[in-house]
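Chemist: Input file: upload_0.cif. Contents: mmCIF, C-alpha atoms.
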```cif
data_structure
loop_
_atom_site.label_atom_id
_atom_site.label_comp_id
_atom_site.auth_asym_id
_atom_site.auth_seq_id
_atom_site.Cartn_x
_atom_site.Cartn_y
_atom_site.Cartn_z
CA MET A 1 -20.22 -21.47 -45.32
CA GLN A 2 -17.50 -20.89 -42.76
CA PRO A 3 -15.62 -23.95 -41.48
CA LEU A 4 -15.94 -24.78 -37.79
CA VAL A 5 -13.40 -27.60 -37.81
CA SER A 6 -10.03 -27.75 -39.47
CA ILE A 7 -8.48 -31.10 -40.34
CA ILE A 8 -4.73 -30.74 -40.67
CA MET A 9 -2.44 -33.54 -41.77
CA GLY A 10 1.33 -33.63 -41.82
CA SER A 11 1.21 -35.07 -45.33
CA THR A 12 -1.41 -36.30 -47.75
CA SER A 13 -0.33 -39.86 -46.98
CA ASP A 14 -2.42 -39.36 -43.81
CA LEU A 15 -5.61 -38.85 -45.85
CA PRO A 16 -6.88 -42.45 -45.55
CA VAL A 17 -7.02 -42.02 -41.76
CA LEU A 18 -8.49 -38.51 -41.89
CA SER A 19 -11.06 -39.29 -44.57
CA LYS A 20 -12.97 -41.06 -41.79
CA ALA A 21 -13.03 -37.79 -39.86
CA ALA A 22 -14.16 -35.89 -42.95
CA ASP A 23 -16.89 -38.44 -43.68
CA PHE A 24 -18.24 -38.13 -40.13
CA LEU A 25 -18.19 -34.32 -40.14
CA ASP A 26 -20.02 -34.41 -43.47
CA LYS A 27 -22.62 -36.82 -42.04
CA MET A 28 -23.10 -34.53 -39.04
CA GLN A 29 -23.38 -31.48 -41.35
CA VAL A 30 -20.42 -29.72 -39.76
CA PRO A 31 -18.54 -27.35 -42.11
CA PHE A 32 -14.83 -28.16 -42.20
CA GLU A 33 -11.64 -27.53 -44.11
CA MET A 34 -8.70 -29.83 -44.85
CA ASN A 35 -5.06 -28.88 -45.31
CA ALA A 36 -1.66 -30.54 -45.42
CA LEU A 37 0.84 -28.62 -43.28
CA SER A 38 4.07 -29.89 -41.79
CA ALA A 39 5.53 -28.64 -38.52
CA HIS A 40 8.98 -29.46 -39.87
CA ARG A 41 8.72 -28.67 -43.60
CA THR A 42 6.31 -25.71 -43.57
CA PRO A 43 6.72 -24.18 -40.09
CA SER A 44 5.84 -20.63 -41.19
CA GLU A 45 2.57 -21.83 -42.74
CA VAL A 46 1.72 -23.82 -39.60
CA GLU A 47 2.36 -20.76 -37.45
CA GLU A 48 0.19 -18.54 -39.69
CA PHE A 49 -2.59 -21.14 -39.70
CA ALA A 50 -2.57 -21.52 -35.91
CA ARG A 51 -2.22 -17.79 -35.21
CA THR A 52 -5.28 -16.92 -37.36
CA ALA A 53 -7.47 -19.97 -36.64
CA ARG A 54 -9.74 -18.36 -34.07
CA GLU A 55 -10.23 -15.11 -35.98
CA ARG A 56 -11.18 -17.16 -39.06
CA GLY A 57 -14.05 -18.67 -37.04
CA LEU A 58 -12.65 -22.12 -36.42
CA LYS A 59 -13.77 -23.80 -33.19
CA VAL A 60 -11.82 -27.09 -33.14
CA ILE A 61 -8.69 -28.35 -34.88
CA ILE A 62 -7.99 -31.99 -35.68
CA ALA A 63 -4.27 -32.43 -36.35
CA ALA A 64 -2.70 -35.71 -37.42
CA ALA A 65 0.94 -36.65 -37.74
CA GLY A 66 3.23 -39.64 -37.60
CA MET A 67 6.77 -40.27 -36.43
CA ALA A 68 7.92 -37.21 -34.40
CA ALA A 69 4.30 -35.99 -34.63
CA ALA A 70 5.04 -32.39 -33.65
CA LEU A 71 2.15 -30.87 -35.64
CA PRO A 72 -0.66 -31.08 -33.03
CA GLY A 73 1.58 -29.77 -30.24
CA VAL A 74 2.98 -26.92 -32.31
CA ILE A 75 -0.55 -25.84 -33.28
CA ALA A 76 -1.71 -26.11 -29.64
CA ALA A 77 1.23 -23.96 -28.54
CA ILE A 78 0.07 -21.14 -30.81
CA THR A 79 -3.75 -21.23 -30.79
CA PRO A 80 -6.13 -21.13 -27.80
CA LEU A 81 -8.55 -23.41 -29.68
CA PRO A 82 -8.92 -27.05 -28.68
CA VAL A 83 -6.65 -29.34 -30.69
CA ILE A 84 -7.38 -33.04 -31.11
CA GLY A 85 -4.29 -35.03 -32.02
CA VAL A 86 -4.42 -38.14 -34.19
CA PRO A 87 -1.25 -40.23 -34.05
CA ILE A 88 -0.54 -41.89 -37.40
CA ASN A 89 0.92 -45.39 -37.65
CA SER A 90 3.92 -44.74 -39.85
CA THR A 91 6.76 -46.22 -37.77
CA LEU A 92 6.94 -48.17 -34.50
CA GLN A 93 3.25 -49.12 -34.95
CA GLY A 94 2.39 -45.46 -34.31
CA GLN A 95 3.53 -45.56 -30.69
CA ASP A 96 6.20 -42.94 -31.35
CA ALA A 97 3.53 -40.56 -32.67
CA LEU A 98 1.13 -41.39 -29.82
CA LEU A 99 3.72 -40.60 -27.16
CA SER A 100 4.86 -37.47 -28.96
CA ILE A 101 1.31 -36.10 -29.10
CA VAL A 102 0.09 -37.14 -25.67
CA MET A 103 3.16 -36.03 -23.68
CA MET A 104 2.61 -32.27 -23.82
CA PRO A 105 4.08 -29.90 -21.24
CA PRO A 106 1.77 -28.46 -18.57
CA GLY A 107 -0.49 -25.71 -19.88
CA ILE A 108 -0.36 -26.77 -23.54
CA SER A 109 -2.79 -29.64 -23.96
CA VAL A 110 -3.71 -31.77 -26.95
CA ALA A 111 -6.70 -34.09 -26.63
CA THR A 112 -5.37 -37.31 -28.12
CA VAL A 113 -7.27 -40.20 -29.67
CA GLY A 114 -5.95 -43.65 -30.50
CA ILE A 115 -3.52 -44.47 -33.27
CA ASN A 116 -5.17 -43.93 -36.69
CA ALA A 117 -8.45 -43.00 -34.95
CA GLY A 118 -9.56 -40.26 -37.33
CA LEU A 119 -13.22 -41.10 -36.78
CA ASN A 120 -12.91 -40.68 -33.00
CA ALA A 121 -11.24 -37.30 -33.49
CA ALA A 122 -14.27 -36.13 -35.48
CA VAL A 123 -16.63 -37.62 -32.90
CA MET A 124 -14.84 -35.64 -30.19
CA ALA A 125 -14.98 -32.45 -32.27
CA VAL A 126 -18.73 -32.90 -32.80
CA GLN A 127 -19.25 -33.49 -29.08
CA MET A 128 -17.44 -30.20 -28.35
CA LEU A 129 -19.47 -28.28 -30.93
CA ALA A 130 -22.75 -29.87 -29.82
CA LEU A 131 -22.37 -28.23 -26.41
CA SER A 132 -23.56 -24.97 -27.98
CA ASP A 133 -25.56 -26.27 -30.98
CA ALA A 134 -28.85 -28.00 -30.17
CA ALA A 135 -29.47 -29.20 -33.73
CA LEU A 136 -26.02 -30.77 -33.90
CA ALA A 137 -26.59 -32.35 -30.48
CA GLU A 138 -29.76 -33.98 -31.84
CA ARG A 139 -27.91 -35.35 -34.88
CA PHE A 140 -25.17 -36.66 -32.63
CA ASP A 141 -27.68 -38.30 -30.29
CA ALA A 142 -29.26 -40.03 -33.30
CA TYR A 143 -25.83 -41.26 -34.38
CA ARG A 144 -25.17 -42.68 -30.90
CA GLU A 145 -28.57 -44.39 -30.94
CA SER A 146 -27.71 -45.95 -34.31
CA LEU A 147 -24.57 -47.44 -32.76
CA LYS A 148 -26.70 -49.07 -30.09
CA GLU A 149 -29.19 -50.39 -32.66
CA LYS A 150 -26.34 -51.85 -34.71
CA ILE A 151 -25.07 -53.87 -31.74
CA VAL A 152 -28.55 -54.99 -30.68
CA LYS A 153 -29.15 -56.25 -34.25
CA ALA A 154 -25.75 -57.98 -34.36
CA ASN A 155 -26.49 -59.67 -31.04
CA ALA A 156 -29.85 -60.94 -32.31
CA GLU A 157 -28.16 -62.31 -35.44
CA LEU A 158 -25.50 -63.95 -33.28
CA HIS A 159 -28.22 -65.90 -31.46
CA GLU A 160 -29.11 -67.52 -34.81
CA VAL A 161 -25.59 -68.93 -35.27
CA LYS A 162 -25.67 -72.63 -34.40
CA TYR A 163 -22.95 -74.73 -32.73
CA SER A 164 -23.30 -78.17 -31.16
CA PHE A 165 -22.47 -76.95 -27.66
CA LYS A 166 -23.73 -73.36 -27.82
CA THR A 167 -26.48 -72.85 -25.26
CA ASN A 168 -28.09 -69.58 -26.39
#
```
Could the structure of this file be written out as structure tokens, please?
Modeler:
Amino acid sequence: MQPLVSIIMGSTSDLPVLSKAADFLDKMQVPFEMNALSAHRTPSEVEEFARTARERGLKVIIAAAGMAAALPGVIAAITPLPVIGVPINSTLQGQDALLSIVMMPPGISVATVGINAGLNAAVMAVQMLALSDAALAERFDAYRESLKEKIVKANAELHEVKYSFKTN
């Protein structure tokens, strides 16, 4: 099975955030790979990865990094594939990473999700892939419907909570 999505982290300390992405891709039955590559410590490996990503059949790359957070931008500078950046909260509450990832120069874009939002990165990747995969689109639609059902159920349960001055 050939991976369609690559999850890249600057270090394995980012795994708790990216495991949410991996769990969602698994649930959606999307083949993926995971690697730890650093734009600063393994630049040659990052370049090789990004240069060969499309020919290896990848369609979307999720890249997470903290602090200077160069990894998503470096990958986006080399590959024509869409890159989704996940800023990691390692210093400055992750705002340094967020700004580093989102402030790309014109022509080199990185779709950026919120700080530590590994799940949303995978959701975005699935949405991209579902544009050309009807079966995946159906699974994604079912997931979205389950989100709605979860809130409707929570709202019904909330109506059962009693307070002296609560009117509903």
Chemist: Can you spell out as a PyMOL selection string the set of residues that the PyMOL selection byres ((chain A and resi 124) around 12) selects in the structure I just provided?
Modeler: chain A and resi 5+21+24-25+60-62+82-86+111-114+117-123+125-131+140
Chemist: Emit the selected residues as a PDB file, in the coordinates of the input, including C-alpha atoms.
Modeler:
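Contents of result_10.pdb, as written:
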```pdb
ATOM      1  CA  VAL A   5     -13.400 -27.600 -37.810  1.00  0.00           C
ATOM      2  CA  ALA A  21     -13.030 -37.790 -39.860  1.00  0.00           C
ATOM      3  CA  PHE A  24     -18.240 -38.130 -40.130  1.00  0.00           C
ATOM      4  CA  LEU A  25     -18.190 -34.320 -40.140  1.00  0.00           C
ATOM      5  CA  VAL A  60     -11.820 -27.090 -33.140  1.00  0.00           C
ATOM      6  CA  ILE A  61      -8.690 -28.350 -34.880  1.00  0.00           C
ATOM      7  CA  ILE A  62      -7.990 -31.990 -35.680  1.00  0.00           C
ATOM      8  CA  PRO A  82      -8.920 -27.050 -28.680  1.00  0.00           C
ATOM      9  CA  VAL A  83      -6.650 -29.340 -30.690  1.00  0.00           C
ATOM     10  CA  ILE A  84      -7.380 -33.040 -31.110  1.00  0.00           C
ATOM     11  CA  GLY A  85      -4.290 -35.030 -32.020  1.00  0.00           C
ATOM     12  CA  VAL A  86      -4.420 -38.140 -34.190  1.00  0.00           C
ATOM     13  CA  ALA A 111      -6.700 -34.090 -26.630  1.00  0.00           C
ATOM     14  CA  THR A 112      -5.370 -37.310 -28.120  1.00  0.00           C
ATOM     15  CA  VAL A 113      -7.270 -40.200 -29.670  1.00  0.00           C
ATOM     16  CA  GLY A 114      -5.950 -43.650 -30.500  1.00  0.00           C
ATOM     17  CA  ALA A 117      -8.450 -43.000 -34.950  1.00  0.00           C
ATOM     18  CA  GLY A 118      -9.560 -40.260 -37.330  1.00  0.00           C
ATOM     19  CA  LEU A 119     -13.220 -41.100 -36.780  1.00  0.00           C
ATOM     20  CA  ASN A 120     -12.910 -40.680 -33.000  1.00  0.00           C
ATOM     21  CA  ALA A 121     -11.240 -37.300 -33.490  1.00  0.00           C
ATOM     22  CA  ALA A 122     -14.270 -36.130 -35.480  1.00  0.00           C
ATOM     23  CA  VAL A 123     -16.630 -37.620 -32.900  1.00  0.00           C
ATOM     24  CA  ALA A 125     -14.980 -32.450 -32.270  1.00  0.00           C
ATOM     25  CA  VAL A 126     -18.730 -32.900 -32.800  1.00  0.00           C
ATOM     26  CA  GLN A 127     -19.250 -33.490 -29.080  1.00  0.00           C
ATOM     27  CA  MET A 128     -17.440 -30.200 -28.350  1.00  0.00           C
ATOM     28  CA  LEU A 129     -19.470 -28.280 -30.930  1.00  0.00           C
ATOM     29  CA  ALA A 130     -22.750 -29.870 -29.820  1.00  0.00           C
ATOM     30  CA  LEU A 131     -22.370 -28.230 -26.410  1.00  0.00           C
ATOM     31  CA  PHE A 140     -25.170 -36.660 -32.630  1.00  0.00           C
TER      32      PHE A 140
END
```
Chemist: Go ahead and compute the interatomic distance for atom CA of A:Glu47 and atom CA of A:Asp26, in Å to one decimal.
Modeler: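 Separating atom CA of A:Glu47 from atom CA of A:Asp26 is a distance of 26.9 Å.
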Chemist: Counting only C-alpha atoms, figure out which residue out of A:Leu81, A:Leu99, A:Leu58, A:Ala65 gets nearest to A:Val17.
Modeler: A:Ala65
Chemist: For atom CA of A:Glu138 and atom CA of A:Leu15, quote the distance in Å rounded to one decimal.
Modeler: 28.3 Å
Chemist: Select, from A:Ile78, A:Ala69, A:Val161, A:Met9, the residue with the minimum atom-to-atom distance to A:Glu33, counting all atoms listed in the file.
Modeler: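 Checking each candidate against A:Glu33, we get A:Met9 as the closest.
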Chemist: Quick one: stretch 68-99 of chain A with N, CA and C atoms, as a PDB file, in the coordinates of the input?
Modeler:
```pdb
ATOM      1  N   ALA A  68       7.694 -38.184 -35.482  1.00  0.00           N
ATOM      2  CA  ALA A  68       7.920 -37.210 -34.400  1.00  0.00           C
ATOM      3  C   ALA A  68       6.622 -36.530 -33.980  1.00  0.00           C
ATOM      4  N   ALA A  69       5.666 -36.440 -34.900  1.00  0.00           N
ATOM      5  CA  ALA A  69       4.300 -35.990 -34.630  1.00  0.00           C
ATOM      6  C   ALA A  69       4.227 -34.654 -33.887  1.00  0.00           C
ATOM      7  N   ALA A  70       5.005 -33.690 -34.313  1.00  0.00           N
ATOM      8  CA  ALA A  70       5.040 -32.390 -33.650  1.00  0.00           C
ATOM      9  C   ALA A  70       3.846 -31.501 -34.006  1.00  0.00           C
ATOM     10  N   LEU A  71       3.184 -31.773 -35.128  1.00  0.00           N
ATOM     11  CA  LEU A  71       2.150 -30.870 -35.640  1.00  0.00           C
ATOM     12  C   LEU A  71       1.059 -30.514 -34.628  1.00  0.00           C
ATOM     13  N   PRO A  72       0.396 -31.474 -33.987  1.00  0.00           N
ATOM     14  CA  PRO A  72      -0.660 -31.080 -33.030  1.00  0.00           C
ATOM     15  C   PRO A  72      -0.140 -30.209 -31.895  1.00  0.00           C
ATOM     16  N   GLY A  73       1.019 -30.543 -31.355  1.00  0.00           N
ATOM     17  CA  GLY A  73       1.580 -29.770 -30.240  1.00  0.00           C
ATOM     18  C   GLY A  73       1.999 -28.377 -30.643  1.00  0.00           C
ATOM     19  N   VAL A  74       2.583 -28.243 -31.829  1.00  0.00           N
ATOM     20  CA  VAL A  74       2.980 -26.920 -32.310  1.00  0.00           C
ATOM     21  C   VAL A  74       1.737 -26.045 -32.493  1.00  0.00           C
ATOM     22  N   ILE A  75       0.693 -26.604 -33.096  1.00  0.00           N
ATOM     23  CA  ILE A  75      -0.550 -25.840 -33.280  1.00  0.00           C
ATOM     24  C   ILE A  75      -1.126 -25.450 -31.924  1.00  0.00           C
ATOM     25  N   ALA A  76      -1.167 -26.397 -30.980  1.00  0.00           N
ATOM     26  CA  ALA A  76      -1.710 -26.110 -29.640  1.00  0.00           C
ATOM     27  C   ALA A  76      -0.906 -25.047 -28.907  1.00  0.00           C
ATOM     28  N   ALA A  77       0.390 -24.966 -29.191  1.00  0.00           N
ATOM     29  CA  ALA A  77       1.230 -23.960 -28.540  1.00  0.00           C
ATOM     30  C   ALA A  77       0.907 -22.549 -29.027  1.00  0.00           C
ATOM     31  N   ILE A  78       0.309 -22.446 -30.206  1.00  0.00           N
ATOM     32  CA  ILE A  78       0.070 -21.140 -30.810  1.00  0.00           C
ATOM     33  C   ILE A  78      -1.377 -20.681 -30.678  1.00  0.00           C
ATOM     34  N   THR A  79      -2.336 -21.607 -30.806  1.00  0.00           N
ATOM     35  CA  THR A  79      -3.750 -21.230 -30.790  1.00  0.00           C
ATOM     36  C   THR A  79      -4.392 -21.562 -29.443  1.00  0.00           C
ATOM     37  N   PRO A  80      -5.387 -20.775 -29.017  1.00  0.00           N
ATOM     38  CA  PRO A  80      -6.130 -21.130 -27.800  1.00  0.00           C
ATOM     39  C   PRO A  80      -7.244 -22.138 -28.072  1.00  0.00           C
ATOM     40  N   LEU A  81      -7.490 -22.471 -29.339  1.00  0.00           N
ATOM     41  CA  LEU A  81      -8.550 -23.410 -29.680  1.00  0.00           C
ATOM     42  C   LEU A  81      -8.201 -24.834 -29.245  1.00  0.00           C
ATOM     43  N   PRO A  82      -9.215 -25.653 -28.985  1.00  0.00           N
ATOM     44  CA  PRO A  82      -8.920 -27.050 -28.680  1.00  0.00           C
ATOM     45  C   PRO A  82      -8.339 -27.772 -29.893  1.00  0.00           C
ATOM     46  N   VAL A  83      -7.304 -28.557 -29.642  1.00  0.00           N
ATOM     47  CA  VAL A  83      -6.650 -29.340 -30.690  1.00  0.00           C
ATOM     48  C   VAL A  83      -6.797 -30.812 -30.319  1.00  0.00           C
ATOM     49  N   ILE A  84      -7.264 -31.595 -31.283  1.00  0.00           N
ATOM     50  CA  ILE A  84      -7.380 -33.040 -31.110  1.00  0.00           C
ATOM     51  C   ILE A  84      -6.302 -33.676 -31.961  1.00  0.00           C
ATOM     52  N   GLY A  85      -5.398 -34.401 -31.326  1.00  0.00           N
ATOM     53  CA  GLY A  85      -4.290 -35.030 -32.020  1.00  0.00           C
ATOM     54  C   GLY A  85      -4.626 -36.456 -32.448  1.00  0.00           C
ATOM     55  N   VAL A  86      -4.252 -36.789 -33.674  1.00  0.00           N
ATOM     56  CA  VAL A  86      -4.420 -38.140 -34.190  1.00  0.00           C
ATOM     57  C   VAL A  86      -3.043 -38.697 -34.533  1.00  0.00           C
ATOM     58  N   PRO A  87      -2.527 -39.612 -33.714  1.00  0.00           N
ATOM     59  CA  PRO A  87      -1.250 -40.230 -34.050  1.00  0.00           C
ATOM     60  C   PRO A  87      -1.412 -41.176 -35.240  1.00  0.00           C
ATOM     61  N   ILE A  88      -0.497 -41.071 -36.189  1.00  0.00           N
ATOM     62  CA  ILE A  88      -0.540 -41.890 -37.400  1.00  0.00           C
ATOM     63  C   ILE A  88       0.462 -43.034 -37.280  1.00  0.00           C
ATOM     64  N   ASN A  89       0.041 -44.215 -37.672  1.00  0.00           N
ATOM     65  CA  ASN A  89       0.920 -45.390 -37.650  1.00  0.00           C
ATOM     66  C   ASN A  89       1.807 -45.361 -38.884  1.00  0.00           C
ATOM     67  N   SER A  90       2.970 -44.752 -38.737  1.00  0.00           N
ATOM     68  CA  SER A  90       3.920 -44.740 -39.850  1.00  0.00           C
ATOM     69  C   SER A  90       5.196 -45.496 -39.497  1.00  0.00           C
ATOM     70  N   THR A  91       5.608 -45.445 -38.255  1.00  0.00           N
ATOM     71  CA  THR A  91       6.760 -46.220 -37.770  1.00  0.00           C
ATOM     72  C   THR A  91       6.437 -46.675 -36.343  1.00  0.00           C
ATOM     73  N   LEU A  92       7.111 -47.668 -35.869  1.00  0.00           N
ATOM     74  CA  LEU A  92       6.940 -48.170 -34.500  1.00  0.00           C
ATOM     75  C   LEU A  92       5.472 -48.398 -34.137  1.00  0.00           C
ATOM     76  N   GLN A  93       4.695 -48.874 -35.112  1.00  0.00           N
ATOM     77  CA  GLN A  93       3.250 -49.120 -34.950  1.00  0.00           C
ATOM     78  C   GLN A  93       2.499 -47.881 -34.449  1.00  0.00           C
ATOM     79  N   GLY A  94       3.041 -46.702 -34.694  1.00  0.00           N
ATOM     80  CA  GLY A  94       2.390 -45.460 -34.310  1.00  0.00           C
ATOM     81  C   GLY A  94       2.615 -45.059 -32.861  1.00  0.00           C
ATOM     82  N   GLN A  95       3.316 -45.885 -32.097  1.00  0.00           N
ATOM     83  CA  GLN A  95       3.530 -45.560 -30.690  1.00  0.00           C
ATOM     84  C   GLN A  95       4.417 -44.346 -30.507  1.00  0.00           C
ATOM     85  N   ASP A  96       5.355 -44.134 -31.422  1.00  0.00           N
ATOM     86  CA  ASP A  96       6.200 -42.940 -31.350  1.00  0.00           C
ATOM     87  C   ASP A  96       5.339 -41.686 -31.499  1.00  0.00           C
ATOM     88  N   ALA A  97       4.418 -41.709 -32.451  1.00  0.00           N
ATOM     89  CA  ALA A  97       3.530 -40.560 -32.670  1.00  0.00           C
ATOM     90  C   ALA A  97       2.590 -40.374 -31.480  1.00  0.00           C
ATOM     91  N   LEU A  98       2.036 -41.470 -30.968  1.00  0.00           N
ATOM     92  CA  LEU A  98       1.130 -41.390 -29.820  1.00  0.00           C
ATOM     93  C   LEU A  98       1.820 -40.725 -28.630  1.00  0.00           C
ATOM     94  N   LEU A  99       3.015 -41.186 -28.306  1.00  0.00           N
ATOM     95  CA  LEU A  99       3.720 -40.600 -27.160  1.00  0.00           C
ATOM     96  C   LEU A  99       4.111 -39.154 -27.410  1.00  0.00           C
TER      97      LEU A  99
END
```
